[in-house]
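Here's the structure, in structure tokens; my notes come after.
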Amino acid sequence: MTRWADPVSVDRKATVSPEIVTILALVAIFAIATFLPINMGALAFVAAFVVGTLSVGLTTDEIIGGFPAGLVLTLIGVTYLFAIAQNNGTVDLLVRGAVRLVGGHVAAIPWIMFLVTAVLTAIGALSPAAVAIIAPIALTFAARHGISPLLMGMMVIHGAQGGGFSPISVYGVTVNTIVEDEGLPSSPLAVFLGALFFNLAIALVLFFVLGGRQLIGRKVAAEPLAHTEHAHGTVVRGHGAAPGPAVGGDDDEHVHPDVPQPVRFEQVVTLIGLVVVAVLALVFDLDIGFVAITVAVVLALFSAQQHKGAVTQISWSTILLIAGVLTFVFVLQEAGTIDYVGDAVIGLGVPLVIALLLAYIGGVVSAFASSTAIIGVAILLAVPFLESGAISAVGVVVALSVASTIVDVSPFSTNGALVLANAQDVDRDRFYKQILAYSAIVVAAGPFLAWLVFVVPGWL
């Protein structure tokens, strides 16, 4: 007599759990965005719709409810404000002012470039946009004054990452919003200063290892920089953006920082506007998105014709990426995937080991994919074991933030590619290998050092 299988057991065997489906979808999103020029956020929206409705059982209204509207408004406001500051020459004013501080001290030039790039990302520039602005200037200085191009290029990138977690920056807003939404202990200042001083420490080591000691005491006569072009059409890898200006990209009326220009009224007003944004957002705790876009519109009113193209310079590809990924993360949460993975990670039993593992996941994946997306996913995966209180949540968040961004020195990332493209008077193949070797060291050691500094001592 033939024994028929229980139909209920057959259905159970044939059904893949929503947790596994969402994990497979997440892997597919990162894989496709890494190898094809398709915006990761667009892929994530599709996955949120298809997986959310067919596997998780959500309605489209419920999925739309997971859209991070507040964060999107903040990113629009901050990047719109920076685009206006770039267009009216305020950014170049800051660069010129910083370059004057160098005087004739060659050893100070790399540090000035670190500082200026940090300031740009701190006030709202995307890291690749800030590097695109400063790298051509910095590498021209390097070629002219005998400074290692690897030293100068990496100082620019680490400067961008050092300032990139200010409470009003793109990275900072993203991390702090996720942390607060998850109800974890939040310290925006710790995240900012942690990233800043970690990158500053790396820059100090690079300075002495790559020949900075020989620059000390050297002076040159002050002379204007040769004409340099900023990178046009900066495309952030993994964002799938069409060629075109990123935030801070050139326009037809660009004022080059090597040419002395009088300070204009609108530049003074823009500087005041940036201070107003910082004060209202940080001191009075007003919504930074509304504050930034309000200040940007007020500035645009002073010269509406000049800033008519500023809206096109808003980093829509980045906004699409973040909005899509976080909407899909909402689907992950609804499916129970975050708890599922979190429980598996907690099963390792040692919180310090879990934190180290997540730091390496963030660092290794981010070397090839979008750092912005990886930070959010890494922090959310850490939520279940952080809620137990067995380890400092602030320390882990800082470590994951640093580990996921310092690897952007890779020549496969936009920042590393910009440095490689703008190097002057170098053997490009040899320079590529130097950047690749340095990035390998950073990927191997960076997450461990971030974990060692921010998590192990338990001081945050």
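Residues in the structure tokens are named by chain (A, B, ... in the order shown) and by number from 1 within that chain; ligands are numbered from 1 in the order shown.
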
**Prompt:** Which residues, written as a PyMOL selection string, have at least one atom at most 8 Å from region 155-167 of chain A, with only C-alpha atoms counted and residues fewer than 6 positions away on the same chain left out?
**Reply:** chain A and resi 110-111+113-123+126-127+130-131+134-135+138+173+176+188-189+191-192+195-200+202-203+282+405-406+408-409+415-416

Next, dump the selected residues to file, keeping only C-alpha atoms, as an mmCIF file, in the first residue's frame.
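Output file selection-v1.cif follows:
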data_model
loop_
_atom_site.group_PDB
_atom_site.id
_atom_site.type_symbol
_atom_site.label_atom_id
_atom_site.label_comp_id
_atom_site.auth_asym_id
_atom_site.auth_seq_id
_atom_site.Cartn_x
_atom_site.Cartn_y
_atom_site.Cartn_z
ATOM 1 C CA PRO A 110 48.409 68.369 3.618
ATOM 2 C CA TRP A 111 46.822 69.377 6.918
ATOM 3 C CA MET A 113 43.604 70.013 2.725
ATOM 4 C CA PHE A 114 42.477 67.609 5.464
ATOM 5 C CA LEU A 115 40.849 70.490 7.345
ATOM 6 C CA VAL A 116 39.064 72.039 4.358
ATOM 7 C CA THR A 117 37.640 68.702 3.175
ATOM 8 C CA ALA A 118 36.479 67.933 6.719
ATOM 9 C CA VAL A 119 34.706 71.284 6.909
ATOM 10 C CA LEU A 120 32.962 70.690 3.578
ATOM 11 C CA THR A 121 31.534 67.318 4.595
ATOM 12 C CA ALA A 122 30.688 68.629 8.051
ATOM 13 C CA ILE A 123 28.450 71.334 6.579
ATOM 14 C CA LEU A 126 28.714 64.336 0.275
ATOM 15 C CA SER A 127 32.136 62.817 0.768
ATOM 16 C CA ALA A 130 34.074 67.250 -1.264
ATOM 17 C CA VAL A 131 36.891 65.048 -2.574
ATOM 18 C CA ILE A 134 39.609 69.484 -3.158
ATOM 19 C CA ALA A 135 41.549 66.585 -4.736
ATOM 20 C CA ALA A 138 45.611 69.197 -3.304
ATOM 21 C CA VAL A 173 21.961 62.542 10.015
ATOM 22 C CA ASN A 176 21.636 59.449 14.319
ATOM 23 C CA PRO A 188 25.653 62.572 17.934
ATOM 24 C CA LEU A 189 28.688 64.378 19.371
ATOM 25 C CA VAL A 191 29.810 59.782 16.684
ATOM 26 C CA PHE A 192 31.183 62.987 15.142
ATOM 27 C CA ALA A 195 35.111 59.625 13.461
ATOM 28 C CA LEU A 196 37.044 62.900 13.380
ATOM 29 C CA PHE A 197 39.793 61.904 15.815
ATOM 30 C CA PHE A 198 40.083 58.375 14.406
ATOM 31 C CA ASN A 199 40.696 59.750 10.913
ATOM 32 C CA LEU A 200 42.960 62.437 12.354
ATOM 33 C CA ILE A 202 45.355 57.829 10.732
ATOM 34 C CA ALA A 203 46.330 61.054 8.957
ATOM 35 C CA LEU A 282 22.006 71.878 17.473
ATOM 36 C CA THR A 405 33.610 54.557 5.930
ATOM 37 C CA ILE A 406 37.392 54.558 6.361
ATOM 38 C CA ASP A 408 36.479 54.481 1.076
ATOM 39 C CA VAL A 409 40.170 54.964 0.262
ATOM 40 C CA ASN A 415 36.824 58.752 -3.396
ATOM 41 C CA GLY A 416 39.789 56.553 -4.258
#

**Request:** Using only C-alpha atoms, determine which residues lie at most 7 Å from region 76-83 of chain A, disregarding the query and same-chain residues fewer than 2 positions distant; provide the list as number ranges by chain.
**Result:** A: 72-74, 85-87, 124-125, 247-248, 289-290, 292-293, 296, 310-311, 313-315

**Request:** Just the residues within 10 Å of Asn88 (chain A), please, counting only C-alpha atoms, with nothing from its chain fewer than 3 positions along; format it as a VMD selection string.
**Result:** chain A and resid 83 to 85 91 to 93 253 to 255 264 266 to 267 270 299 to 300 303 306 to 307

**Request:** Within 12 Å of Ala69 (chain A), counting only C-alpha atoms, which residues show up once you throw out same-chain ones fewer than 6 positions away? Write them as a ChimeraX atom specification, please.
**Result:** /A:75-76,177,289-290,319-320,322-324,326-327

**Request:** With a distance cut-off of 7 Å and only C-alpha atoms, select the neighbouring residues of Val277 (chain A), excluding the residue or stretch itself and same-chain residues fewer than 3 positions from it, and output the selection as a PyMOL selection string.
**Result:** chain A and resi 273-274+280-281+291-292

Suppose we keep all heavy atoms; can you now write the selection as a short mmCIF file (atom, residue, chain, number, x, y, z; two decimals), in the first residue's frame?
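Saved file result_14.cif follows:
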data_model
loop_
_atom_site.label_atom_id
_atom_site.label_comp_id
_atom_site.auth_asym_id
_atom_site.auth_seq_id
_atom_site.Cartn_x
_atom_site.Cartn_y
_atom_site.Cartn_z
N GLY A 273 24.29 82.05 7.07
CA GLY A 273 23.24 81.04 6.97
C GLY A 273 23.70 79.69 7.49
O GLY A 273 22.93 78.98 8.16
N LEU A 274 24.93 79.29 7.19
CA LEU A 274 25.46 78.02 7.68
C LEU A 274 25.54 78.01 9.21
O LEU A 274 25.24 77.00 9.85
CB LEU A 274 26.84 77.76 7.07
CG LEU A 274 26.88 77.51 5.56
CD1 LEU A 274 28.33 77.44 5.07
CD2 LEU A 274 26.14 76.23 5.21
N LEU A 280 20.39 76.68 15.11
CA LEU A 280 18.98 76.31 15.25
C LEU A 280 18.81 74.80 15.40
O LEU A 280 17.96 74.33 16.15
CB LEU A 280 18.17 76.81 14.06
CG LEU A 280 18.02 78.33 13.94
CD1 LEU A 280 17.19 78.70 12.71
CD2 LEU A 280 17.38 78.91 15.21
N ALA A 281 19.63 74.03 14.67
CA ALA A 281 19.51 72.57 14.71
C ALA A 281 20.12 71.97 15.97
O ALA A 281 19.55 71.05 16.57
CB ALA A 281 20.15 71.95 13.47
N VAL A 291 14.97 73.52 8.62
CA VAL A 291 15.86 74.67 8.81
C VAL A 291 16.78 74.84 7.60
O VAL A 291 16.92 75.95 7.07
CB VAL A 291 16.70 74.50 10.09
CG1 VAL A 291 17.78 75.58 10.17
CG2 VAL A 291 15.81 74.56 11.32
N ALA A 292 17.39 73.76 7.14
CA ALA A 292 18.34 73.84 6.03
C ALA A 292 17.66 74.30 4.74
O ALA A 292 18.18 75.16 4.01
CB ALA A 292 19.02 72.49 5.81
#

**Message:** Need the shell around Ala25 (chain A): protein/DNA/RNA residues with any atom at most 12 Å away, counting only C-alpha atoms. Skip same-chain ones fewer than 2 positions apart. Format as an MDAnalysis selection string?
**Reply:** chainID A and resid 18:23 27:32 40 43:52 55 325 328:329 331:332 337

Create the file for the chosen residues now, containing C-alpha atoms and written as a tab-separated table (two decimals), in the first residue's frame.
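Generated output (again22.tsv):
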chain	number	residue	atom	x	y	z
A	18	PRO	CA	10.06	35.41	4.95
A	19	GLU	CA	13.28	35.92	6.91
A	20	ILE	CA	15.30	33.87	4.42
A	21	VAL	CA	13.56	35.46	1.42
A	22	THR	CA	14.38	38.98	2.64
A	23	ILE	CA	18.01	38.05	3.35
A	27	VAL	CA	22.22	39.98	-0.94
A	28	ALA	CA	20.87	40.27	-4.48
A	29	ILE	CA	20.43	44.05	-4.09
A	30	PHE	CA	24.06	44.56	-3.05
A	31	ALA	CA	25.38	42.16	-5.69
A	32	ILE	CA	23.47	43.76	-8.58
A	40	MET	CA	20.76	50.41	-5.08
A	43	LEU	CA	16.51	47.99	-6.47
A	44	ALA	CA	15.56	48.19	-2.80
A	45	PHE	CA	12.19	49.81	-3.59
A	46	VAL	CA	11.42	47.00	-6.03
A	47	ALA	CA	12.44	44.41	-3.44
A	48	ALA	CA	10.36	46.14	-0.77
A	49	PHE	CA	7.29	45.97	-3.04
A	50	VAL	CA	7.74	42.44	-4.39
A	51	VAL	CA	9.05	40.74	-1.25
A	52	GLY	CA	6.91	42.82	1.08
A	55	SER	CA	6.39	36.98	1.03
A	325	VAL	CA	17.38	50.89	1.39
A	328	PHE	CA	13.44	47.78	2.45
A	329	VAL	CA	14.92	47.67	5.95
A	331	VAL	CA	10.23	45.33	5.34
A	332	LEU	CA	13.10	43.39	6.94
A	337	THR	CA	14.63	39.37	9.77
